[in-house]
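Text of start_12.txt, listed as compact mmCIF, N, CA and C atoms and all ligand atoms:
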# COMPACT_ATOMS: atom_id res chain seq x y z
N MET A 1 -22.31 6.51 8.68
CA MET A 1 -20.86 6.30 8.65
C MET A 1 -20.53 4.81 8.74
N ASP A 2 -19.74 4.35 7.86
CA ASP A 2 -19.32 2.96 7.95
C ASP A 2 -17.94 2.88 8.59
N LYS A 3 -17.90 2.24 9.72
CA LYS A 3 -16.59 2.05 10.37
C LYS A 3 -16.04 0.72 9.91
N LYS A 4 -14.94 0.76 9.18
CA LYS A 4 -14.38 -0.47 8.67
C LYS A 4 -13.52 -1.16 9.74
N PRO A 5 -13.47 -2.47 9.67
CA PRO A 5 -12.68 -3.21 10.66
C PRO A 5 -11.21 -2.85 10.59
N GLN A 6 -10.62 -2.74 11.76
CA GLN A 6 -9.20 -2.42 11.81
C GLN A 6 -8.42 -3.62 12.30
N ILE A 7 -7.26 -3.80 11.69
CA ILE A 7 -6.36 -4.87 12.11
C ILE A 7 -4.99 -4.27 12.33
N PRO A 8 -4.14 -4.95 13.11
CA PRO A 8 -2.77 -4.48 13.24
C PRO A 8 -2.01 -4.67 11.94
N CYS A 9 -1.24 -3.67 11.57
CA CYS A 9 -0.37 -3.77 10.39
C CYS A 9 0.50 -5.02 10.49
N ALA A 10 0.59 -5.75 9.40
CA ALA A 10 1.32 -7.02 9.43
C ALA A 10 2.81 -6.81 9.67
N THR A 11 3.30 -5.59 9.44
CA THR A 11 4.72 -5.34 9.64
C THR A 11 5.01 -4.67 10.98
N CYS A 12 4.30 -3.59 11.31
CA CYS A 12 4.67 -2.82 12.50
C CYS A 12 3.62 -2.89 13.60
N GLY A 13 2.44 -3.46 13.33
CA GLY A 13 1.44 -3.63 14.37
C GLY A 13 0.55 -2.42 14.59
N LYS A 14 0.76 -1.35 13.86
CA LYS A 14 -0.08 -0.16 13.98
C LYS A 14 -1.48 -0.45 13.42
N PRO A 15 -2.54 -0.03 14.11
CA PRO A 15 -3.89 -0.31 13.63
C PRO A 15 -4.10 0.27 12.24
N THR A 16 -4.63 -0.53 11.35
CA THR A 16 -4.84 -0.08 9.99
C THR A 16 -6.09 -0.73 9.41
N ASN A 17 -6.57 -0.18 8.32
CA ASN A 17 -7.77 -0.71 7.69
C ASN A 17 -7.43 -1.84 6.74
N PHE A 18 -7.89 -3.00 7.06
CA PHE A 18 -7.53 -4.19 6.28
C PHE A 18 -7.87 -4.02 4.80
N PHE A 19 -8.99 -3.32 4.53
CA PHE A 19 -9.50 -3.31 3.16
C PHE A 19 -9.04 -2.10 2.36
N SER A 20 -8.19 -1.27 2.91
CA SER A 20 -7.81 -0.08 2.17
C SER A 20 -6.75 -0.38 1.12
N PRO A 21 -7.09 -0.22 -0.14
CA PRO A 21 -6.10 -0.40 -1.18
C PRO A 21 -5.16 0.79 -1.23
N PRO A 22 -3.95 0.70 -1.78
CA PRO A 22 -3.42 -0.53 -2.36
C PRO A 22 -2.49 -1.27 -1.42
N THR A 23 -2.48 -0.84 -0.17
CA THR A 23 -1.47 -1.41 0.73
C THR A 23 -1.97 -2.61 1.50
N GLY A 24 -3.27 -2.98 1.34
CA GLY A 24 -3.77 -4.20 1.94
C GLY A 24 -3.63 -4.19 3.46
N PRO A 25 -3.21 -5.29 4.04
CA PRO A 25 -3.15 -5.39 5.51
C PRO A 25 -1.94 -4.68 6.10
N PHE A 26 -1.50 -3.62 5.46
CA PHE A 26 -0.36 -2.86 5.99
C PHE A 26 -0.78 -1.40 6.15
N CYS A 27 -0.14 -0.68 7.09
CA CYS A 27 -0.54 0.70 7.36
C CYS A 27 -0.04 1.63 6.27
N CYS A 28 0.96 1.24 5.53
CA CYS A 28 1.49 2.10 4.49
C CYS A 28 2.28 1.25 3.49
N GLN A 29 2.60 1.87 2.38
CA GLN A 29 3.28 1.10 1.33
C GLN A 29 4.65 0.64 1.80
N ARG A 30 5.28 1.44 2.65
CA ARG A 30 6.60 1.04 3.11
C ARG A 30 6.54 -0.29 3.88
N CYS A 31 5.54 -0.40 4.75
CA CYS A 31 5.40 -1.65 5.50
C CYS A 31 5.12 -2.81 4.55
N GLN A 32 4.35 -2.55 3.51
CA GLN A 32 4.08 -3.59 2.53
C GLN A 32 5.37 -4.04 1.87
N LEU A 33 6.21 -3.07 1.52
CA LEU A 33 7.48 -3.42 0.87
C LEU A 33 8.41 -4.14 1.83
N VAL A 34 8.39 -3.72 3.08
CA VAL A 34 9.23 -4.40 4.07
C VAL A 34 8.84 -5.87 4.15
N ASP A 35 7.53 -6.11 4.20
CA ASP A 35 7.07 -7.50 4.30
C ASP A 35 7.40 -8.27 3.04
N LEU A 36 7.21 -7.63 1.90
CA LEU A 36 7.53 -8.29 0.63
C LEU A 36 9.02 -8.61 0.56
N GLY A 37 9.84 -7.67 0.96
CA GLY A 37 11.29 -7.89 0.94
C GLY A 37 11.69 -9.03 1.85
N ARG A 38 11.05 -9.09 3.00
CA ARG A 38 11.32 -10.17 3.94
C ARG A 38 10.98 -11.51 3.30
N TRP A 39 9.84 -11.52 2.64
CA TRP A 39 9.36 -12.76 2.01
C TRP A 39 10.31 -13.18 0.89
N LEU A 40 10.75 -12.21 0.09
CA LEU A 40 11.67 -12.53 -1.00
C LEU A 40 13.00 -13.03 -0.46
N ASN A 41 13.47 -12.43 0.61
CA ASN A 41 14.72 -12.89 1.21
C ASN A 41 14.61 -14.34 1.65
N GLU A 42 13.47 -14.69 2.25
CA GLU A 42 13.25 -16.08 2.63
C GLU A 42 13.35 -16.99 1.41
N GLU A 43 12.74 -16.57 0.32
CA GLU A 43 12.77 -17.38 -0.90
C GLU A 43 14.20 -17.58 -1.37
N TYR A 44 14.97 -16.51 -1.38
CA TYR A 44 16.36 -16.63 -1.81
C TYR A 44 17.12 -17.61 -0.93
N ARG A 45 16.90 -17.49 0.36
CA ARG A 45 17.67 -18.33 1.28
C ARG A 45 17.29 -19.79 1.14
N ILE A 46 16.00 -20.03 0.94
CA ILE A 46 15.55 -21.41 0.81
C ILE A 46 16.15 -22.04 -0.45
N SER A 47 16.34 -21.23 -1.51
CA SER A 47 16.84 -21.79 -2.76
C SER A 47 18.35 -21.99 -2.75
N GLU A 48 19.01 -21.51 -1.69
CA GLU A 48 20.44 -21.73 -1.59
C GLU A 48 20.73 -22.78 -0.53
N PRO A 49 21.87 -23.46 -0.63
CA PRO A 49 22.28 -24.32 0.46
C PRO A 49 22.64 -23.47 1.68
N LEU A 50 22.23 -23.93 2.84
CA LEU A 50 22.52 -23.17 4.05
C LEU A 50 23.99 -23.31 4.45
N THR A 51 24.55 -22.19 4.87
CA THR A 51 25.92 -22.19 5.37
C THR A 51 25.93 -21.39 6.67
N PRO A 52 26.98 -21.50 7.46
CA PRO A 52 27.08 -20.70 8.69
C PRO A 52 26.92 -19.21 8.41
N ASP A 53 27.35 -18.73 7.27
CA ASP A 53 27.18 -17.33 6.92
C ASP A 53 25.72 -16.92 6.91
N HIS A 54 24.86 -17.77 6.41
CA HIS A 54 23.44 -17.46 6.39
C HIS A 54 22.90 -17.28 7.81
N LEU A 55 23.33 -18.13 8.70
CA LEU A 55 22.85 -18.02 10.08
C LEU A 55 23.31 -16.72 10.72
N GLU A 56 24.49 -16.26 10.38
CA GLU A 56 24.95 -14.98 10.92
C GLU A 56 24.09 -13.84 10.41
N GLU A 57 23.65 -13.90 9.17
CA GLU A 57 22.73 -12.88 8.66
C GLU A 57 21.45 -12.85 9.47
N TYR A 58 20.93 -14.00 9.80
CA TYR A 58 19.72 -14.05 10.62
C TYR A 58 19.94 -13.38 11.96
N ALA A 59 21.09 -13.57 12.55
CA ALA A 59 21.36 -12.98 13.85
C ALA A 59 21.27 -11.45 13.78
N ASP A 60 21.74 -10.87 12.70
CA ASP A 60 21.67 -9.41 12.53
C ASP A 60 20.24 -8.91 12.37
N LEU A 61 19.36 -9.75 11.87
CA LEU A 61 18.00 -9.31 11.55
C LEU A 61 17.03 -9.41 12.73
N SER A 62 17.50 -9.76 13.90
CA SER A 62 16.56 -10.04 14.98
C SER A 62 15.86 -8.80 15.52
N GLY A 63 14.67 -8.55 15.01
CA GLY A 63 13.72 -7.63 15.63
C GLY A 63 14.05 -6.15 15.65
N ASP A 64 15.01 -5.73 16.41
CA ASP A 64 15.21 -4.32 16.70
C ASP A 64 15.33 -3.43 15.47
N SER A 65 16.04 -3.84 14.46
CA SER A 65 16.25 -2.97 13.32
C SER A 65 14.93 -2.59 12.66
N LEU A 66 14.00 -3.52 12.56
CA LEU A 66 12.71 -3.20 11.97
C LEU A 66 11.92 -2.27 12.87
N ASP A 67 11.92 -2.50 14.15
CA ASP A 67 11.20 -1.62 15.06
C ASP A 67 11.70 -0.19 14.96
N HIS A 68 12.98 -0.01 14.88
CA HIS A 68 13.54 1.34 14.77
C HIS A 68 13.16 1.99 13.44
N ALA A 69 13.08 1.19 12.40
CA ALA A 69 12.71 1.74 11.10
C ALA A 69 11.30 2.33 11.15
N GLU A 70 10.45 1.84 12.03
CA GLU A 70 9.09 2.35 12.12
C GLU A 70 8.97 3.57 13.03
N ASP A 71 9.98 3.87 13.78
CA ASP A 71 9.86 4.95 14.77
C ASP A 71 9.80 6.33 14.16
N ASP A 72 10.43 6.56 13.03
CA ASP A 72 10.47 7.92 12.50
C ASP A 72 9.11 8.36 11.96
N GLY A 73 8.63 9.49 12.46
CA GLY A 73 7.45 10.11 11.90
C GLY A 73 6.11 9.60 12.39
N SER A 74 6.06 8.48 13.06
CA SER A 74 4.77 7.93 13.43
C SER A 74 4.28 8.44 14.78
N HIS A 75 5.10 9.12 15.54
CA HIS A 75 4.64 9.60 16.84
C HIS A 75 4.57 11.11 16.90
ZN ZN A 101 2.96 -0.61 9.39

Please go through the file and, once you have read it, give me the structure as structure tokens.
Amino acid sequence: MDKKPQIPCATCGKPTNFFSPPTGPFCCQRCQLVDLGRWLNEEYRISEPLTPDHLEEYADLSGDSLDHAEDDGSH
């Protein structure tokens, strides 16, 4: 039996197999998409001039909403 190395999912921290395709270092495709979406949002924001409105968006995104999104079905 080959036990493959496990790493925490890059999005939710759940132990997952780093080498398992196609989701890579994520426990599931949803976490992969969440991370990708986060990355794309950063790109959009960087390409725009910053305004106070942008900072308010960041305030809404602080942590909890993502944690709750992972709660359904995993326990
Ligand atoms: Zn995950």

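Counting all atoms listed in the file and comparing A:Phe26, A:Phe18, A:Gln6, A:Leu33, the residue that lies closest to ligand ZN 101 (chain A) is A:Phe26.
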
Report the centre and edge lengths, in Å to one decimal, of an axis-aligned box enclosing every atom of segment 32-39 of chain A listed in the file, padded by 4 Å on each side, as JSON.
{"center_x": 7.9, "center_y": -7.9, "center_z": 2.4, "size_x": 15.6, "size_y": 18.6, "size_z": 11.7}

How would you write, as a PDB file with N, CA and C atoms, in the coordinates of the input, the set of residues no farther than 6 Å from ligand ZN 101 (chain A) when counting only N, CA and C atoms and all ligand atoms?
ATOM      1  N   CYS A   9      -1.240  -3.670  11.570  1.00  0.00           N
ATOM      2  CA  CYS A   9      -0.370  -3.770  10.390  1.00  0.00           C
ATOM      3  C   CYS A   9       0.500  -5.020  10.490  1.00  0.00           C
ATOM      4  N   ALA A  10       0.590  -5.750   9.400  1.00  0.00           N
ATOM      5  CA  ALA A  10       1.320  -7.020   9.430  1.00  0.00           C
ATOM      6  C   ALA A  10       2.810  -6.810   9.670  1.00  0.00           C
ATOM      7  N   THR A  11       3.300  -5.590   9.440  1.00  0.00           N
ATOM      8  CA  THR A  11       4.720  -5.340   9.640  1.00  0.00           C
ATOM      9  C   THR A  11       5.010  -4.670  10.980  1.00  0.00           C
ATOM     10  N   CYS A  12       4.300  -3.590  11.310  1.00  0.00           N
ATOM     11  CA  CYS A  12       4.670  -2.820  12.500  1.00  0.00           C
ATOM     12  C   CYS A  12       3.620  -2.890  13.600  1.00  0.00           C
ATOM     13  N   GLY A  13       2.440  -3.460  13.330  1.00  0.00           N
ATOM     14  CA  GLY A  13       1.440  -3.630  14.370  1.00  0.00           C
ATOM     15  C   GLY A  13       0.550  -2.420  14.590  1.00  0.00           C
ATOM     16  N   LYS A  14       0.760  -1.350  13.860  1.00  0.00           N
ATOM     17  CA  LYS A  14      -0.080  -0.160  13.980  1.00  0.00           C
ATOM     18  C   LYS A  14      -1.480  -0.450  13.420  1.00  0.00           C
ATOM     19  N   PHE A  26      -1.500  -3.620   5.460  1.00  0.00           N
ATOM     20  CA  PHE A  26      -0.360  -2.860   5.990  1.00  0.00           C
ATOM     21  C   PHE A  26      -0.780  -1.400   6.150  1.00  0.00           C
ATOM     22  N   CYS A  27      -0.140  -0.680   7.090  1.00  0.00           N
ATOM     23  CA  CYS A  27      -0.540   0.700   7.360  1.00  0.00           C
ATOM     24  C   CYS A  27      -0.040   1.630   6.270  1.00  0.00           C
ATOM     25  N   CYS A  28       0.960   1.240   5.530  1.00  0.00           N
ATOM     26  CA  CYS A  28       1.490   2.100   4.490  1.00  0.00           C
ATOM     27  C   CYS A  28       2.280   1.250   3.490  1.00  0.00           C
ATOM     28  N   CYS A  31       5.540  -0.400   4.750  1.00  0.00           N
ATOM     29  CA  CYS A  31       5.400  -1.650   5.500  1.00  0.00           C
ATOM     30  C   CYS A  31       5.120  -2.810   4.550  1.00  0.00           C
TER      31      CYS A  31
END

Atom C of Ala59 of chain A to atom CA of Gly24 of chain A, distance in Å rounded to a single decimal: 28.6 Å

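You will find atom CA of Asn17 of chain A at 15.2 Å from atom CA of Arg30 of chain A.
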
Work out how far apart atom CA of Glu42 of chain A and atom N of Thr23 of chain A are and give it in Å to one decimal. 22.1 Å
